[in-house]
file query-v6.txt (compact mmCIF, N, CA and C atoms and all ligand atoms)
# COMPACT_ATOMS: atom_id res chain seq x y z
N MET A 135 0.82 -1.21 0.00
CA MET A 135 0.00 0.00 0.00
C MET A 135 0.86 1.26 0.00
N ALA A 136 1.89 1.26 0.87
CA ALA A 136 2.79 2.42 0.95
C ALA A 136 3.52 2.61 -0.38
N ARG A 137 3.91 1.50 -0.99
CA ARG A 137 4.59 1.56 -2.28
C ARG A 137 3.67 2.20 -3.34
N THR A 138 2.41 1.82 -3.33
CA THR A 138 1.44 2.38 -4.27
C THR A 138 1.27 3.88 -4.06
N LEU A 139 1.19 4.29 -2.77
CA LEU A 139 1.04 5.72 -2.48
C LEU A 139 2.25 6.52 -2.94
N ARG A 140 3.47 5.95 -2.75
CA ARG A 140 4.68 6.63 -3.22
C ARG A 140 4.67 6.76 -4.75
N ALA A 141 4.23 5.72 -5.42
CA ALA A 141 4.17 5.76 -6.89
C ALA A 141 3.17 6.80 -7.36
N VAL A 142 2.03 6.86 -6.69
CA VAL A 142 1.01 7.86 -7.05
C VAL A 142 1.55 9.26 -6.80
N SER A 143 2.25 9.43 -5.67
CA SER A 143 2.81 10.73 -5.33
C SER A 143 3.84 11.17 -6.36
N LYS A 144 4.72 10.22 -6.78
CA LYS A 144 5.72 10.54 -7.81
C LYS A 144 5.05 10.91 -9.12
N THR A 145 4.03 10.16 -9.49
CA THR A 145 3.32 10.44 -10.74
C THR A 145 2.66 11.82 -10.67
N ALA A 146 2.04 12.14 -9.54
CA ALA A 146 1.41 13.45 -9.40
C ALA A 146 2.45 14.56 -9.50
N GLY A 147 3.62 14.33 -8.90
CA GLY A 147 4.70 15.32 -8.99
C GLY A 147 5.17 15.49 -10.42
N ALA A 148 5.32 14.38 -11.14
CA ALA A 148 5.76 14.44 -12.53
C ALA A 148 4.73 15.16 -13.39
N ILE A 149 3.47 14.90 -13.14
CA ILE A 149 2.41 15.59 -13.90
C ILE A 149 2.45 17.09 -13.60
N GLY A 150 2.67 17.46 -12.34
CA GLY A 150 2.77 18.87 -11.97
C GLY A 150 3.93 19.54 -12.69
N ASP A 151 5.10 18.85 -12.73
CA ASP A 151 6.26 19.40 -13.45
C ASP A 151 5.95 19.55 -14.93
N TYR A 152 5.31 18.55 -15.51
CA TYR A 152 4.98 18.57 -16.93
C TYR A 152 4.06 19.76 -17.25
N LEU A 153 3.04 19.94 -16.42
CA LEU A 153 2.10 21.05 -16.65
C LEU A 153 2.79 22.39 -16.48
N ALA A 154 3.65 22.52 -15.48
CA ALA A 154 4.35 23.79 -15.25
C ALA A 154 5.24 24.12 -16.43
N GLU A 155 5.98 23.13 -16.94
CA GLU A 155 6.87 23.37 -18.08
C GLU A 155 6.08 23.73 -19.32
N ASN A 156 4.96 23.06 -19.54
CA ASN A 156 4.16 23.35 -20.73
C ASN A 156 3.38 24.65 -20.58
N ALA A 157 3.07 25.06 -19.38
CA ALA A 157 2.41 26.36 -19.19
C ALA A 157 3.31 27.47 -19.72
N THR A 158 4.63 27.35 -19.47
CA THR A 158 5.57 28.34 -19.99
C THR A 158 5.58 28.31 -21.51
N ALA A 159 5.57 27.13 -22.09
CA ALA A 159 5.57 27.02 -23.56
C ALA A 159 4.28 27.58 -24.15
N ILE A 160 3.16 27.32 -23.51
CA ILE A 160 1.88 27.83 -24.00
C ILE A 160 1.86 29.35 -23.89
N LYS A 161 2.35 29.90 -22.79
CA LYS A 161 2.41 31.35 -22.61
C LYS A 161 3.31 31.97 -23.69
N SER A 162 4.45 31.33 -23.95
CA SER A 162 5.38 31.84 -24.95
C SER A 162 4.74 31.81 -26.34
N PHE A 163 4.05 30.71 -26.66
CA PHE A 163 3.38 30.62 -27.96
C PHE A 163 2.30 31.69 -28.09
N ALA A 164 1.55 31.91 -27.02
CA ALA A 164 0.51 32.94 -27.05
C ALA A 164 1.11 34.32 -27.33
N GLU A 165 2.30 34.58 -26.79
CA GLU A 165 2.95 35.87 -27.05
C GLU A 165 3.38 35.98 -28.52
N TYR A 166 3.76 34.87 -29.11
CA TYR A 166 4.18 34.90 -30.52
C TYR A 166 3.02 35.28 -31.45
N ILE A 167 1.81 34.84 -31.12
CA ILE A 167 0.69 35.10 -32.02
C ILE A 167 -0.09 36.35 -31.64
N ALA A 168 0.17 36.91 -30.46
CA ALA A 168 -0.55 38.12 -30.03
C ALA A 168 -0.06 39.35 -30.81
N PRO A 169 -0.89 40.38 -30.88
CA PRO A 169 -0.42 41.61 -31.54
C PRO A 169 0.66 42.29 -30.71
N GLY A 170 1.35 43.26 -31.29
CA GLY A 170 2.35 44.02 -30.55
C GLY A 170 1.69 44.95 -29.55
N GLU A 171 2.51 45.54 -28.69
CA GLU A 171 1.99 46.49 -27.71
C GLU A 171 1.60 47.80 -28.36
N ILE A 172 2.31 48.17 -29.41
CA ILE A 172 1.96 49.33 -30.23
C ILE A 172 2.04 48.88 -31.68
N ASP A 173 1.37 49.60 -32.59
CA ASP A 173 1.34 49.11 -33.97
C ASP A 173 2.50 49.58 -34.83
N SER A 174 3.31 50.52 -34.33
CA SER A 174 4.45 50.98 -35.11
C SER A 174 5.51 51.56 -34.18
N ALA A 175 6.78 51.26 -34.48
CA ALA A 175 7.89 51.82 -33.70
C ALA A 175 7.96 53.34 -33.89
N ASP A 176 7.35 53.85 -34.95
CA ASP A 176 7.33 55.31 -35.17
C ASP A 176 6.62 56.04 -34.04
N LYS A 177 5.78 55.33 -33.31
CA LYS A 177 5.03 55.96 -32.22
C LYS A 177 5.82 56.07 -30.92
N LEU A 178 7.01 55.48 -30.88
CA LEU A 178 7.82 55.54 -29.65
C LEU A 178 8.38 56.95 -29.46
N ARG A 179 8.21 57.48 -28.27
CA ARG A 179 8.82 58.76 -27.92
C ARG A 179 10.19 58.48 -27.31
N PRO A 180 11.07 59.49 -27.25
CA PRO A 180 12.40 59.28 -26.66
C PRO A 180 12.30 58.66 -25.26
N GLY A 181 13.10 57.63 -25.04
CA GLY A 181 13.12 56.94 -23.75
C GLY A 181 12.10 55.84 -23.61
N GLU A 182 11.32 55.58 -24.65
CA GLU A 182 10.29 54.54 -24.58
C GLU A 182 10.72 53.28 -25.33
N GLY A 183 10.26 52.13 -24.82
CA GLY A 183 10.47 50.85 -25.48
C GLY A 183 9.15 50.10 -25.52
N ALA A 184 8.97 49.26 -26.51
CA ALA A 184 7.74 48.47 -26.63
C ALA A 184 7.97 47.33 -27.62
N ILE A 185 7.09 46.35 -27.54
CA ILE A 185 7.10 45.25 -28.49
C ILE A 185 6.19 45.62 -29.66
N VAL A 186 6.72 45.45 -30.87
CA VAL A 186 6.01 45.81 -32.09
C VAL A 186 5.97 44.58 -32.99
N ARG A 187 4.81 44.31 -33.58
CA ARG A 187 4.74 43.22 -34.56
C ARG A 187 5.08 43.77 -35.93
N GLU A 188 6.01 43.10 -36.62
CA GLU A 188 6.32 43.41 -38.01
C GLU A 188 6.20 42.10 -38.79
N GLY A 189 5.06 41.93 -39.46
CA GLY A 189 4.80 40.68 -40.16
C GLY A 189 4.68 39.55 -39.17
N LEU A 190 5.50 38.53 -39.36
CA LEU A 190 5.45 37.38 -38.46
C LEU A 190 6.38 37.54 -37.26
N SER A 191 7.15 38.62 -37.25
CA SER A 191 8.15 38.81 -36.19
C SER A 191 7.67 39.78 -35.12
N LYS A 192 8.19 39.58 -33.92
CA LYS A 192 7.99 40.52 -32.83
C LYS A 192 9.32 41.24 -32.61
N ILE A 193 9.24 42.56 -32.53
CA ILE A 193 10.42 43.41 -32.43
C ILE A 193 10.45 44.08 -31.07
N ALA A 194 11.62 44.06 -30.42
CA ALA A 194 11.85 44.84 -29.20
C ALA A 194 12.41 46.18 -29.68
N ALA A 195 11.58 47.22 -29.64
CA ALA A 195 11.96 48.52 -30.19
C ALA A 195 12.15 49.53 -29.06
N PHE A 196 13.22 50.30 -29.16
CA PHE A 196 13.51 51.33 -28.15
C PHE A 196 14.02 52.58 -28.88
N ARG A 197 13.51 53.75 -28.45
CA ARG A 197 14.01 55.01 -29.02
C ARG A 197 14.75 55.76 -27.90
N ASP A 198 16.04 56.05 -28.16
CA ASP A 198 16.82 56.72 -27.11
C ASP A 198 16.52 58.22 -27.08
N ASP A 199 17.14 58.91 -26.15
CA ASP A 199 16.84 60.33 -25.94
C ASP A 199 17.24 61.18 -27.14
N ASP A 200 18.16 60.70 -27.98
CA ASP A 200 18.57 61.42 -29.19
C ASP A 200 17.68 61.09 -30.39
N GLY A 201 16.74 60.17 -30.20
CA GLY A 201 15.83 59.81 -31.29
C GLY A 201 16.25 58.59 -32.06
N THR A 202 17.42 58.02 -31.72
CA THR A 202 17.88 56.81 -32.42
C THR A 202 16.98 55.64 -32.05
N LEU A 203 16.54 54.90 -33.08
CA LEU A 203 15.65 53.75 -32.88
C LEU A 203 16.47 52.47 -32.90
N TYR A 204 16.33 51.67 -31.85
CA TYR A 204 16.98 50.35 -31.76
C TYR A 204 15.90 49.32 -32.00
N LYS A 205 16.15 48.41 -32.94
CA LYS A 205 15.20 47.34 -33.22
C LYS A 205 15.93 46.00 -33.11
N ARG A 206 15.47 45.19 -32.17
CA ARG A 206 16.08 43.89 -31.94
C ARG A 206 14.98 42.84 -31.93
N SER A 207 15.34 41.61 -32.18
CA SER A 207 14.36 40.53 -32.06
C SER A 207 13.85 40.47 -30.62
N ALA A 208 12.56 40.25 -30.45
CA ALA A 208 11.98 40.11 -29.11
C ALA A 208 12.17 38.71 -28.55
N ALA A 209 12.80 37.82 -29.33
CA ALA A 209 13.02 36.44 -28.87
C ALA A 209 14.29 36.36 -28.05
N CYS A 210 14.15 36.00 -26.80
CA CYS A 210 15.30 35.83 -25.89
C CYS A 210 16.24 34.79 -26.48
N THR A 211 17.54 35.04 -26.37
CA THR A 211 18.53 34.13 -26.96
C THR A 211 18.81 32.91 -26.08
N HIS A 212 18.15 32.81 -24.94
CA HIS A 212 18.32 31.61 -24.12
C HIS A 212 17.51 30.47 -24.70
N VAL A 213 16.17 30.56 -24.60
CA VAL A 213 15.32 29.49 -25.11
C VAL A 213 14.23 30.04 -26.04
N GLY A 214 14.14 31.37 -26.18
CA GLY A 214 13.21 31.92 -27.15
C GLY A 214 11.94 32.54 -26.61
N CYS A 215 11.80 32.67 -25.30
CA CYS A 215 10.64 33.39 -24.78
C CYS A 215 10.73 34.86 -25.21
N HIS A 216 9.61 35.56 -25.09
CA HIS A 216 9.63 36.97 -25.47
C HIS A 216 10.12 37.85 -24.33
N VAL A 217 10.88 38.87 -24.70
CA VAL A 217 11.33 39.84 -23.70
C VAL A 217 10.26 40.92 -23.56
N HIS A 218 10.34 41.65 -22.46
CA HIS A 218 9.40 42.74 -22.18
C HIS A 218 10.19 43.96 -21.74
N TRP A 219 9.70 45.15 -22.11
CA TRP A 219 10.37 46.38 -21.75
C TRP A 219 10.23 46.65 -20.26
N ASN A 220 11.35 46.98 -19.63
CA ASN A 220 11.38 47.35 -18.22
C ASN A 220 11.67 48.86 -18.18
N SER A 221 10.63 49.66 -18.02
CA SER A 221 10.79 51.12 -18.11
C SER A 221 11.55 51.68 -16.90
N LEU A 222 11.52 50.99 -15.79
CA LEU A 222 12.21 51.46 -14.59
C LEU A 222 13.73 51.34 -14.76
N GLU A 223 14.18 50.18 -15.22
CA GLU A 223 15.62 49.94 -15.38
C GLU A 223 16.09 50.18 -16.81
N ARG A 224 15.15 50.53 -17.70
CA ARG A 224 15.46 50.78 -19.11
C ARG A 224 16.27 49.63 -19.72
N CYS A 225 15.67 48.46 -19.67
CA CYS A 225 16.29 47.28 -20.28
C CYS A 225 15.17 46.32 -20.69
N TRP A 226 15.55 45.26 -21.38
CA TRP A 226 14.60 44.22 -21.79
C TRP A 226 14.75 43.06 -20.83
N ASP A 227 13.63 42.60 -20.28
CA ASP A 227 13.62 41.49 -19.32
C ASP A 227 12.95 40.28 -19.95
N CYS A 228 13.48 39.11 -19.64
CA CYS A 228 12.82 37.86 -20.05
C CYS A 228 12.28 37.21 -18.78
N SER A 229 10.99 37.04 -18.73
CA SER A 229 10.37 36.50 -17.52
C SER A 229 10.51 34.99 -17.39
N CYS A 230 10.91 34.32 -18.46
CA CYS A 230 11.00 32.85 -18.37
C CYS A 230 12.08 32.39 -17.40
N HIS A 231 13.30 32.90 -17.55
CA HIS A 231 14.39 32.45 -16.67
C HIS A 231 15.23 33.61 -16.15
N GLY A 232 14.78 34.84 -16.38
CA GLY A 232 15.41 35.99 -15.73
C GLY A 232 16.51 36.71 -16.46
N SER A 233 16.71 36.46 -17.75
CA SER A 233 17.76 37.20 -18.47
C SER A 233 17.36 38.67 -18.64
N HIS A 234 18.36 39.53 -18.73
CA HIS A 234 18.16 40.95 -18.97
C HIS A 234 19.05 41.36 -20.13
N PHE A 235 18.54 42.27 -20.95
CA PHE A 235 19.29 42.75 -22.12
C PHE A 235 19.29 44.27 -22.14
N ALA A 236 20.41 44.85 -22.55
CA ALA A 236 20.52 46.31 -22.69
C ALA A 236 19.69 46.78 -23.87
N ILE A 237 19.54 48.09 -23.99
CA ILE A 237 18.72 48.63 -25.08
C ILE A 237 19.28 48.27 -26.45
N ASP A 238 20.59 48.04 -26.54
CA ASP A 238 21.18 47.63 -27.81
C ASP A 238 21.18 46.11 -27.98
N GLY A 239 20.53 45.39 -27.06
CA GLY A 239 20.40 43.95 -27.17
C GLY A 239 21.48 43.16 -26.45
N THR A 240 22.51 43.83 -25.93
CA THR A 240 23.59 43.13 -25.23
C THR A 240 23.03 42.37 -24.02
N ALA A 241 23.46 41.11 -23.85
CA ALA A 241 23.02 40.33 -22.69
C ALA A 241 23.70 40.88 -21.44
N LEU A 242 22.89 41.29 -20.46
CA LEU A 242 23.41 41.85 -19.22
C LEU A 242 23.48 40.80 -18.13
N ASN A 243 22.45 39.97 -18.03
CA ASN A 243 22.39 38.90 -17.03
C ASN A 243 21.84 37.65 -17.69
N GLY A 244 22.44 36.50 -17.34
CA GLY A 244 22.02 35.23 -17.90
C GLY A 244 20.78 34.69 -17.24
N PRO A 245 20.42 33.53 -17.73
CA PRO A 245 21.25 32.56 -18.43
C PRO A 245 21.59 32.90 -19.89
N ALA A 246 20.91 33.82 -20.54
CA ALA A 246 21.26 34.14 -21.93
C ALA A 246 22.65 34.78 -21.97
N VAL A 247 23.45 34.42 -22.95
CA VAL A 247 24.77 34.99 -23.10
C VAL A 247 24.92 35.75 -24.42
N SER A 248 24.08 35.45 -25.38
CA SER A 248 24.16 36.09 -26.69
C SER A 248 23.21 37.29 -26.73
N PRO A 249 23.56 38.31 -27.52
CA PRO A 249 22.69 39.48 -27.62
C PRO A 249 21.41 39.17 -28.40
N LEU A 250 20.39 40.01 -28.19
CA LEU A 250 19.18 39.92 -29.01
C LEU A 250 19.59 40.19 -30.46
N ALA A 251 18.99 39.49 -31.38
CA ALA A 251 19.35 39.63 -32.80
C ALA A 251 19.04 41.05 -33.28
N ARG A 252 20.01 41.63 -33.99
CA ARG A 252 19.86 42.98 -34.55
C ARG A 252 18.98 42.91 -35.79
N LEU A 253 18.04 43.83 -35.90
CA LEU A 253 17.11 43.87 -37.04
C LEU A 253 17.18 45.22 -37.71
N GLY A 254 17.14 45.24 -38.99
CA GLY A 254 17.07 46.50 -39.74
C GLY A 254 18.20 47.44 -39.58
S1 LIG B 1 14.17 32.06 -22.42
FE1 LIG B 1 14.79 34.00 -21.71
S2 LIG B 1 15.95 33.58 -19.96
FE2 LIG B 1 15.35 31.65 -20.66
call {"tool": "encode", "arguments": {"input": "query-v6.txt", "output": "structure tokens", "more": "lines below"}}
Ligand code: FES
result
Amino acid sequence: MARTLRAVSKTAGAIGDYLAENATAIKSFAEYIAPGEIDSADKLRPGEGAIVREGLSKIAAFRDDDGTLYKRSAACTHVGCHVHWNSLERCWDCSCHGSHFAIDGTALNGPAVSPLARLG
């Protein structure tokens, strides 16, 4: 009986892990098909960043105080989750495993080590 309960407990734990891992994948997929936060990077004011959809791609767009527009892939270089603009720290954050990227896409904190892909 105890052996059966342990097996059931292990199975329940494995199912919980499976659902948790797939919840992240489902959330990531939903972000890929969702619209951007704004419809054009042209709408960014100096100091603002946002996710913009361009065709099938999601772009992490930031306009610096001089008006220069930075466009990088919104796909985190660790496993591919989407990054989000952090207006307080002025960087791109990945909520999946905690990577941070500078406005030019440079990886600041891992686990990602490669920069966000440069676009345009
Ligand atoms: S996918 Fe971004 S930190 Fe893992």
call {"tool": "closest_residue", "arguments": {"input": "query-v6.txt", "among": "A:Asn220, A:Thr240, A:Thr202, A:Thr158", "to": "ligand LIG 1 (chain B)", "atoms": "only C-alpha atoms and all ligand atoms"}}
result
A:Thr158
call {"tool": "closest_residue", "arguments": {"input": "query-v6.txt", "among": "A:Ala146, A:Ala184, A:Ala251, A:Cys215", "to": "A:Asp238", "atoms": "all atoms listed in the file"}}
result
A:Ala251
call {"tool": "residues_near_ligand", "arguments": {"input": "query-v6.txt", "ligand": "ligand LIG 1 (chain B)", "cutoff": "8 Å", "atoms": "all atoms listed in the file", "output": "PyMOL selection string"}}
result
chain A and resi 209-217+227-234+243-246
call {"tool": "closest_residue", "arguments": {"input": "query-v6.txt", "among": "A:Ser162, A:Leu190, A:Thr138, A:Gly239", "to": "A:Trp226", "atoms": "only C-alpha atoms"}}
result
A:Gly239
call {"tool": "select_by_dssp", "arguments": {"input": "query-v6.txt", "residues": "chain A", "states": "alpha helix (DSSP H)", "output": "PyMOL selection string"}}
result
chain A and resi 136-167
